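Containing TSV, C-alpha atoms and all ligand atoms: input_7.tsv.
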```tsv
chain	number	residue	atom	x	y	z
T	1	MET	CA	20.33	147.23	137.80
T	2	ASN	CA	17.67	145.16	136.04
T	3	GLN	CA	19.38	142.06	134.71
T	4	SER	CA	17.10	141.70	131.70
T	5	GLU	CA	17.83	145.07	130.13
T	6	VAL	CA	20.75	147.13	128.93
T	7	LYS	CA	21.15	150.84	128.26
T	8	ILE	CA	22.47	151.75	124.82
T	9	ALA	CA	23.54	155.19	123.62
T	10	TRP	CA	23.96	154.39	119.92
T	11	PHE	CA	24.20	151.49	117.52
T	12	GLY	CA	24.96	151.26	113.82
T	13	LYS	CA	27.75	150.85	111.28
T	14	HIS	CA	30.99	152.41	112.42
T	15	PHE	CA	34.06	153.04	110.27
T	16	GLY	CA	36.60	154.34	112.77
T	17	GLU	CA	37.91	151.05	114.15
T	18	GLU	CA	41.14	149.34	113.07
T	19	PRO	CA	41.07	148.16	109.41
T	20	PRO	CA	40.48	144.43	110.13
T	21	LEU	CA	37.52	145.40	112.31
T	22	THR	CA	35.99	147.78	109.79
T	23	GLY	CA	36.25	146.26	106.30
T	24	HIS	CA	35.40	148.34	103.26
T	25	GLN	CA	32.88	151.14	102.96
T	26	ALA	CA	29.84	148.92	102.39
T	27	GLN	CA	30.70	146.91	105.50
T	28	GLY	CA	31.77	148.59	108.76
T	29	ALA	CA	31.85	147.39	112.34
T	30	GLY	CA	28.43	146.71	113.85
T	31	THR	CA	28.98	148.95	116.83
T	32	ILE	CA	26.83	149.11	119.96
T	33	PHE	CA	27.80	151.83	122.47
T	34	PHE	CA	26.61	150.99	125.94
T	35	SER	CA	25.76	153.78	128.41
T	36	HIS	CA	27.71	154.45	131.62
T	37	CYS	CA	31.16	153.19	132.55
T	38	HIS	CA	32.71	151.79	135.72
T	39	LEU	CA	35.64	154.18	135.33
T	40	HIS	CA	35.38	157.95	135.55
T	41	CYS	CA	38.32	159.24	133.57
T	42	VAL	CA	38.62	163.02	133.81
T	43	PHE	CA	39.43	163.25	130.10
T	44	CYS	CA	36.73	160.88	128.85
T	45	GLN	CA	36.24	161.44	125.12
T	46	ASN	CA	32.66	160.09	125.33
T	47	PHE	CA	31.62	161.62	128.64
T	48	GLN	CA	28.03	162.27	127.55
T	49	ILE	CA	27.61	158.52	127.23
T	50	SER	CA	29.95	157.21	129.93
T	51	GLN	CA	29.37	159.76	132.71
T	52	GLN	CA	26.07	161.45	131.89
T	53	GLY	CA	24.42	158.18	130.90
T	54	GLN	CA	22.96	159.20	127.54
T	55	GLY	CA	20.92	156.36	126.07
T	56	ARG	CA	17.76	154.29	126.38
T	57	PHE	CA	16.91	150.88	127.71
T	58	TYR	CA	16.45	147.74	125.64
T	59	GLN	CA	15.39	144.27	126.72
T	60	THR	CA	17.77	141.34	126.19
T	61	GLU	CA	15.81	140.04	123.22
T	62	GLN	CA	15.75	143.49	121.64
T	63	LEU	CA	19.53	143.59	121.95
T	64	ALA	CA	19.79	140.17	120.28
T	65	LYS	CA	17.65	141.54	117.44
T	66	ILE	CA	19.90	144.62	117.10
T	67	MET	CA	22.90	142.28	116.68
T	68	LEU	CA	21.10	140.24	114.04
T	69	ASP	CA	19.98	143.38	112.18
T	70	LEU	CA	23.56	144.69	112.15
T	71	GLN	CA	24.71	141.38	110.68
T	72	ASP	CA	21.95	141.63	108.03
T	73	SER	CA	23.20	145.11	107.11
T	74	ASP	CA	26.64	143.61	106.27
T	75	ALA	CA	28.44	144.65	109.44
T	76	VAL	CA	31.60	142.55	109.68
T	77	ASN	CA	31.31	142.02	113.42
T	78	ILE	CA	29.38	143.02	116.51
T	79	ASP	CA	31.52	145.63	118.29
T	80	LEU	CA	30.46	145.95	121.95
T	81	VAL	CA	31.78	149.27	123.31
T	82	SER	CA	31.93	149.66	127.11
T	83	PRO	CA	30.12	146.37	127.70
T	84	THR	CA	31.43	145.59	131.19
T	85	LEU	CA	28.66	146.98	133.39
T	86	TRP	CA	26.00	145.20	131.35
T	87	TRP	CA	27.68	141.82	131.18
T	88	GLN	CA	24.80	139.72	132.52
T	89	PRO	CA	22.03	140.72	130.09
T	90	LEU	CA	24.64	141.03	127.38
T	91	LYS	CA	25.74	137.44	127.83
T	92	GLN	CA	22.13	136.29	127.49
T	93	ALA	CA	21.66	138.44	124.39
T	94	ILE	CA	24.77	136.98	122.72
T	95	ILE	CA	23.63	133.42	123.45
T	96	SER	CA	20.16	134.19	122.11
T	97	ALA	CA	21.47	135.94	118.98
T	98	LYS	CA	23.79	133.02	118.23
T	99	ARG	CA	20.86	130.61	118.55
T	100	ARG	CA	18.96	132.80	116.10
T	101	GLY	CA	21.75	132.80	113.49
T	102	LEU	CA	24.42	135.32	114.53
T	103	THR	CA	27.73	134.19	113.03
T	104	VAL	CA	29.89	137.31	112.68
T	105	PRO	CA	32.70	137.72	115.23
T	106	ILE	CA	31.85	139.39	118.52
T	107	VAL	CA	34.25	142.11	119.71
T	108	TRP	CA	34.65	143.04	123.40
T	109	ASN	CA	35.79	146.69	123.30
T	110	SER	CA	36.58	147.70	126.88
T	111	ASN	CA	38.89	149.63	129.22
T	112	ALA	CA	40.54	146.39	130.47
T	113	TYR	CA	39.78	147.14	134.11
T	114	GLU	CA	37.89	143.89	134.51
T	115	SER	CA	37.97	140.84	136.73
T	116	LEU	CA	39.07	137.44	135.53
T	117	ASP	CA	35.80	135.92	136.75
T	118	LEU	CA	33.77	138.29	134.60
T	119	LEU	CA	35.86	137.61	131.52
T	120	ARG	CA	35.69	133.85	132.06
T	121	GLU	CA	31.89	134.12	131.76
T	122	PHE	CA	32.51	134.94	128.09
T	123	THR	CA	34.85	132.09	127.22
T	124	GLY	CA	33.78	130.80	123.81
T	125	LEU	CA	31.34	133.69	123.29
T	126	ILE	CA	33.78	136.50	122.46
T	127	ASP	CA	35.93	136.15	119.35
T	128	ILE	CA	37.98	139.34	119.46
T	129	TYR	CA	39.12	141.26	122.51
T	130	LEU	CA	39.89	144.96	122.02
T	131	PRO	CA	41.01	146.30	125.42
T	132	ASP	CA	42.30	149.85	125.85
T	133	PHE	CA	45.39	149.57	128.05
T	134	LYS	CA	45.20	153.07	129.46
T	135	TYR	CA	47.94	153.35	132.04
T	136	GLY	CA	51.36	151.79	132.44
T	137	ASP	CA	51.85	153.92	135.56
T	138	ALA	CA	49.49	153.16	138.45
T	139	ASN	CA	49.81	156.70	139.81
T	140	VAL	CA	48.54	158.15	136.55
T	141	GLY	CA	45.54	155.81	136.71
T	142	LEU	CA	44.88	156.97	140.25
T	143	LYS	CA	45.18	160.62	139.27
T	144	TYR	CA	42.95	160.62	136.19
T	145	SER	CA	40.58	157.72	136.84
T	146	GLY	CA	40.64	157.45	140.63
T	147	ILE	CA	41.49	153.75	140.57
T	148	LYS	CA	44.25	151.75	142.21
T	149	ASN	CA	46.34	149.02	140.59
T	150	TYR	CA	45.25	149.74	137.03
T	151	PRO	CA	48.30	148.21	135.26
T	152	GLU	CA	48.22	145.06	137.38
T	153	THR	CA	44.46	144.56	136.99
T	154	ALA	CA	44.40	145.35	133.28
T	155	LEU	CA	47.38	143.12	132.52
T	156	GLY	CA	45.68	140.26	134.34
T	157	ALA	CA	42.58	140.86	132.22
T	158	ILE	CA	44.61	141.03	129.01
T	159	GLY	CA	46.29	137.75	129.97
T	160	GLU	CA	42.88	136.08	130.32
T	161	MET	CA	41.72	137.58	127.02
T	162	PHE	CA	44.79	136.22	125.26
T	163	LYS	CA	44.25	132.83	126.85
T	164	GLN	CA	40.75	132.75	125.35
T	165	VAL	CA	41.46	134.02	121.83
T	166	GLY	CA	45.23	134.18	121.21
T	167	TYR	CA	46.96	136.25	118.54
T	168	LEU	CA	44.97	138.18	115.95
T	169	GLN	CA	43.78	136.08	113.02
T	170	VAL	CA	42.44	137.53	109.78
T	171	ASP	CA	40.69	135.90	106.85
T	172	ARG	CA	41.65	136.19	103.18
T	173	GLY	CA	39.76	139.47	102.89
T	174	GLY	CA	41.80	140.96	105.74
T	175	LEU	CA	38.95	140.87	108.26
T	176	ALA	CA	39.63	139.88	111.84
T	177	THR	CA	38.08	136.57	112.80
T	178	LYS	CA	39.62	136.01	116.22
T	179	GLY	CA	42.28	137.30	118.59
T	180	LEU	CA	43.53	140.19	120.66
T	181	ILE	CA	44.23	143.82	119.76
T	182	VAL	CA	45.38	146.14	122.54
T	183	ARG	CA	44.80	149.87	122.20
T	184	HIS	CA	46.66	152.65	123.94
T	185	LEU	CA	45.67	156.32	123.85
T	186	VAL	CA	48.70	158.56	124.28
T	187	LEU	CA	48.06	161.44	126.71
T	188	PRO	CA	49.87	164.81	126.41
T	189	ASN	CA	52.67	165.41	128.92
T	190	ASN	CA	52.48	161.79	130.05
T	191	LEU	CA	55.00	160.02	127.87
T	192	GLU	CA	56.44	157.99	130.74
T	193	ASN	CA	53.00	156.49	131.24
T	194	SER	CA	52.93	155.43	127.57
T	195	PHE	CA	56.49	154.10	127.70
T	196	LYS	CA	55.62	152.00	130.74
T	197	ALA	CA	52.45	150.76	129.05
T	198	LEU	CA	54.46	149.60	126.04
T	199	GLU	CA	57.08	147.99	128.31
T	200	CYS	CA	54.32	146.03	130.05
T	201	LEU	CA	52.90	144.87	126.72
T	202	ALA	CA	56.34	143.97	125.32
T	203	GLY	CA	57.01	142.01	128.51
T	204	PHE	CA	53.74	140.16	127.96
T	205	LYS	CA	54.00	139.19	124.26
T	206	LYS	CA	56.17	140.91	121.68
T	207	ASN	CA	53.96	139.81	118.79
T	208	ILE	CA	50.60	141.04	119.99
T	209	HIS	CA	48.83	143.65	117.91
T	210	ILE	CA	48.85	147.13	119.38
T	211	SER	CA	46.92	150.15	118.17
T	212	LEU	CA	48.56	153.43	119.21
T	213	MET	CA	45.95	156.18	119.31
T	214	ASN	CA	46.74	159.90	119.01
T	215	GLN	CA	43.31	161.50	118.90
T	216	TYR	CA	43.27	162.80	122.48
T	217	THR	CA	41.23	165.98	122.84
T	218	PRO	CA	40.90	167.82	126.16
T	219	LEU	CA	37.28	167.17	127.07
T	220	TYR	CA	35.07	166.70	130.13
T	221	ARG	CA	37.14	167.68	133.22
T	222	ALA	CA	40.54	167.86	131.47
T	223	ALA	CA	40.72	171.62	132.09
T	224	GLU	CA	41.16	170.86	135.81
T	225	PHE	CA	44.56	169.30	135.00
T	226	ALA	CA	46.80	171.81	133.21
T	227	GLU	CA	49.14	169.18	131.76
T	228	ILE	CA	46.41	167.37	129.84
T	229	ASN	CA	44.46	170.47	128.87
T	230	ARG	CA	45.73	170.43	125.29
T	231	SER	CA	45.95	168.03	122.34
T	232	LEU	CA	48.83	165.63	121.87
T	233	SER	CA	51.71	166.99	119.79
T	234	ALA	CA	53.12	165.19	116.76
T	235	LYS	CA	56.51	165.06	118.51
T	236	GLU	CA	55.05	163.33	121.57
T	237	TYR	CA	53.30	160.76	119.42
T	238	GLU	CA	56.46	160.18	117.40
T	239	GLN	CA	58.44	159.49	120.58
T	240	VAL	CA	55.96	156.82	121.63
T	241	VAL	CA	56.00	155.22	118.18
T	242	ASP	CA	59.82	155.21	118.25
T	243	TYR	CA	59.78	153.52	121.63
T	244	PHE	CA	57.40	150.89	120.27
T	245	TYR	CA	60.09	149.89	117.77
T	246	GLU	CA	62.90	150.14	120.31
T	247	LEU	CA	61.13	147.59	122.46
T	248	GLY	CA	60.97	145.13	119.58
T	249	LEU	CA	57.20	145.32	119.17
T	250	VAL	CA	56.23	144.63	115.57
T	251	ASN	CA	52.48	144.37	114.99
T	252	GLY	CA	49.73	146.92	115.05
T	253	TRP	CA	48.64	150.29	113.74
T	254	VAL	CA	49.50	153.92	114.13
T	255	GLN	CA	47.35	156.82	113.09
T	256	ALA	CA	48.46	158.32	109.80
T	257	GLU	CA	47.57	161.91	110.70
T	258	MET	CA	47.49	163.74	113.97
T	259	ASN	CA	43.96	163.56	115.34
T	260	GLY	CA	42.93	161.85	112.12
T	261	PRO	CA	40.71	158.81	111.95
T	262	ASP	CA	42.84	156.87	109.46
T	263	LEU	CA	44.89	154.03	110.77
T	264	VAL	CA	47.95	152.85	108.89
T	265	PRO	CA	47.24	149.22	108.12
T	266	ASP	CA	50.75	147.82	108.16
T	267	PHE	CA	52.86	148.92	111.09
T	268	LYS	CA	55.86	146.95	109.91
T	269	LYS	CA	56.20	148.59	106.51
T	270	LYS	CA	55.03	152.14	106.96
T	271	GLN	CA	56.71	154.50	109.35
T	272	PRO	CA	54.41	157.34	110.30
T	273	PHE	CA	57.04	160.04	110.60
T	274	ALA	CA	60.12	160.95	108.62
T	275	LYS	CA	63.32	160.23	110.55
S	1	LIG	S1	37.20	153.98	130.55
S	1	LIG	FE1	36.87	154.99	128.58
S	1	LIG	S2	34.63	155.28	128.45
S	1	LIG	FE2	35.13	154.83	130.60
S	1	LIG	S3	35.35	156.85	131.54
S	1	LIG	FE3	37.40	156.16	130.93
S	1	LIG	S4	37.72	157.04	128.89
S	1	LIG	FE4	35.51	157.15	129.33
```

Mind turning this structure into structure tokens?
Ligand code: SF4
Amino acid sequence: MNQSEVKIAWFGKHFGEEPPLTGHQAQGAGTIFFSHCHLHCVFCQNFQISQQGQGRFYQTEQLAKIMLDLQDSDAVNIDLVSPTLWWQPLKQAIISAKRRGLTVPIVWNSNAYESLDLLREFTGLIDIYLPDFKYGDANVGLKYSGIKNYPETALGAIGEMFKQVGYLQVDRGGLATKGLIVRHLVLPNNLENSFKALECLAGFKKNIHISLMNQYTPLYRAAEFAEINRSLSAKEYEQVVDYFYELGLVNGWVQAEMNGPDLVPDFKKKQPFAK
């Protein structure tokens, strides 16, 4: 891998992230989707980018310019999706863009399967960490992503992220300025995995912000695994949301509609399902 270039599949304003990362319609997250991924999840929702490597190469300085252009177009942050493999040129690009006037928060949007050493390279450079905590059950991680020790590794990474940025902070306009948001995508027929994931997060910090995602669609190689070869049901999602409350977790977002893009902005006040 050439350390002065990165491969990018898409960049632009994106409106599907959590409300404090998106802002209003004229704003949006300044999202940069990097090509390839160090995991190979059989259900990957972006497999054309992560597994088939869709994208084109950009030099470090071109990437810095993309960040600055996104800021100029009123993006509320720079949202780096699947950044891990490209961390070296990316770090240089962030440093360069900051020297050239980048001030919006930088978001590290990853799968959390990352080493502490790598994350420590970004101390003081990343403002918001947005890890997807995929598996609470190591066997499920092994089955669908072919990796060992996912929960242990990801929790270590999340601990380092929290150490760097702490709890989520928002400004007066409701935009995130700093902190940690942990995502979790609920898989069909795998509720125990989600329950364990929430138990791990509750055991870590009860007040962290968690975004529970329901938009799973059977894509890529999902048809090879009968149990995940369908969408998530409303009942399954409801059970996971209920367990969130049972564990005493309080902050975050749920999706207002099944497979819908809208996120309910206030987890504490709005229950997603009638009891
Ligand atoms: S970690 Fe995310 S982007 Fe990477 S293969 Fe898995 S689902 Fe796809």

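Among the candidates T:Asn109, T:Asn46, T:Gln27, T:Gln88, the one nearest to ligand LIG 1 (chain S) when counting all atoms listed in the file is T:Asn46.
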
Please give me, as a ChimeraX atom specification, the residues lying within 8 Å of ligand LIG 1 (chain S) when counting all atoms listed in the file.
/T:36-47,49-51,82,110-111,132,145

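What separates CA of Asn77 (chain T) from CA of Tyr216 (chain T) is a distance of 25.6 Å.
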
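Reported to one decimal place, the separation of CA of Ser211 (chain T) from CA of Ser233 (chain T) is 17.6 Å.
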
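Between Pro105 (chain T) and the candidates T:Lys13, T:Lys134, T:Lys178, T:Lys163, the tightest atom-to-atom separation, counting all atoms listed in the file, involves T:Lys178.
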
Using all atoms listed in the file, pick whichever of T:Asp79, T:Asp242, T:Asp69, T:Glu121 has the shortest atom-to-atom distance to Ala176 (chain T).
T:Asp79

Quick one: residues within 12 Å of Leu21 (chain T), all atoms listed in the file, excluding same-chain residues fewer than 6 positions away - as a PDB file with C-alpha atoms, in the frame of the given file?
```pdb
ATOM      1  CA  LYS T  13      27.750 150.850 111.280  1.00  0.00           C
ATOM      2  CA  HIS T  14      30.990 152.410 112.420  1.00  0.00           C
ATOM      3  CA  PHE T  15      34.060 153.040 110.270  1.00  0.00           C
ATOM      4  CA  GLN T  27      30.700 146.910 105.500  1.00  0.00           C
ATOM      5  CA  GLY T  28      31.770 148.590 108.760  1.00  0.00           C
ATOM      6  CA  ALA T  29      31.850 147.390 112.340  1.00  0.00           C
ATOM      7  CA  GLY T  30      28.430 146.710 113.850  1.00  0.00           C
ATOM      8  CA  THR T  31      28.980 148.950 116.830  1.00  0.00           C
ATOM      9  CA  ALA T  75      28.440 144.650 109.440  1.00  0.00           C
ATOM     10  CA  VAL T  76      31.600 142.550 109.680  1.00  0.00           C
ATOM     11  CA  ASN T  77      31.310 142.020 113.420  1.00  0.00           C
ATOM     12  CA  ILE T  78      29.380 143.020 116.510  1.00  0.00           C
ATOM     13  CA  ASP T  79      31.520 145.630 118.290  1.00  0.00           C
ATOM     14  CA  LEU T  80      30.460 145.950 121.950  1.00  0.00           C
ATOM     15  CA  VAL T 104      29.890 137.310 112.680  1.00  0.00           C
ATOM     16  CA  PRO T 105      32.700 137.720 115.230  1.00  0.00           C
ATOM     17  CA  ILE T 106      31.850 139.390 118.520  1.00  0.00           C
ATOM     18  CA  VAL T 107      34.250 142.110 119.710  1.00  0.00           C
ATOM     19  CA  TRP T 108      34.650 143.040 123.400  1.00  0.00           C
ATOM     20  CA  ASN T 109      35.790 146.690 123.300  1.00  0.00           C
ATOM     21  CA  ASP T 127      35.930 136.150 119.350  1.00  0.00           C
ATOM     22  CA  ILE T 128      37.980 139.340 119.460  1.00  0.00           C
ATOM     23  CA  TYR T 129      39.120 141.260 122.510  1.00  0.00           C
ATOM     24  CA  LEU T 130      39.890 144.960 122.020  1.00  0.00           C
ATOM     25  CA  LEU T 168      44.970 138.180 115.950  1.00  0.00           C
ATOM     26  CA  GLN T 169      43.780 136.080 113.020  1.00  0.00           C
ATOM     27  CA  VAL T 170      42.440 137.530 109.780  1.00  0.00           C
ATOM     28  CA  ASP T 171      40.690 135.900 106.850  1.00  0.00           C
ATOM     29  CA  GLY T 173      39.760 139.470 102.890  1.00  0.00           C
ATOM     30  CA  GLY T 174      41.800 140.960 105.740  1.00  0.00           C
ATOM     31  CA  LEU T 175      38.950 140.870 108.260  1.00  0.00           C
ATOM     32  CA  ALA T 176      39.630 139.880 111.840  1.00  0.00           C
ATOM     33  CA  THR T 177      38.080 136.570 112.800  1.00  0.00           C
ATOM     34  CA  LYS T 178      39.620 136.010 116.220  1.00  0.00           C
ATOM     35  CA  GLY T 179      42.280 137.300 118.590  1.00  0.00           C
ATOM     36  CA  LEU T 180      43.530 140.190 120.660  1.00  0.00           C
ATOM     37  CA  ILE T 181      44.230 143.820 119.760  1.00  0.00           C
ATOM     38  CA  LEU T 263      44.890 154.030 110.770  1.00  0.00           C
ATOM     39  CA  PRO T 265      47.240 149.220 108.120  1.00  0.00           C
TER      40      PRO T 265
END
```
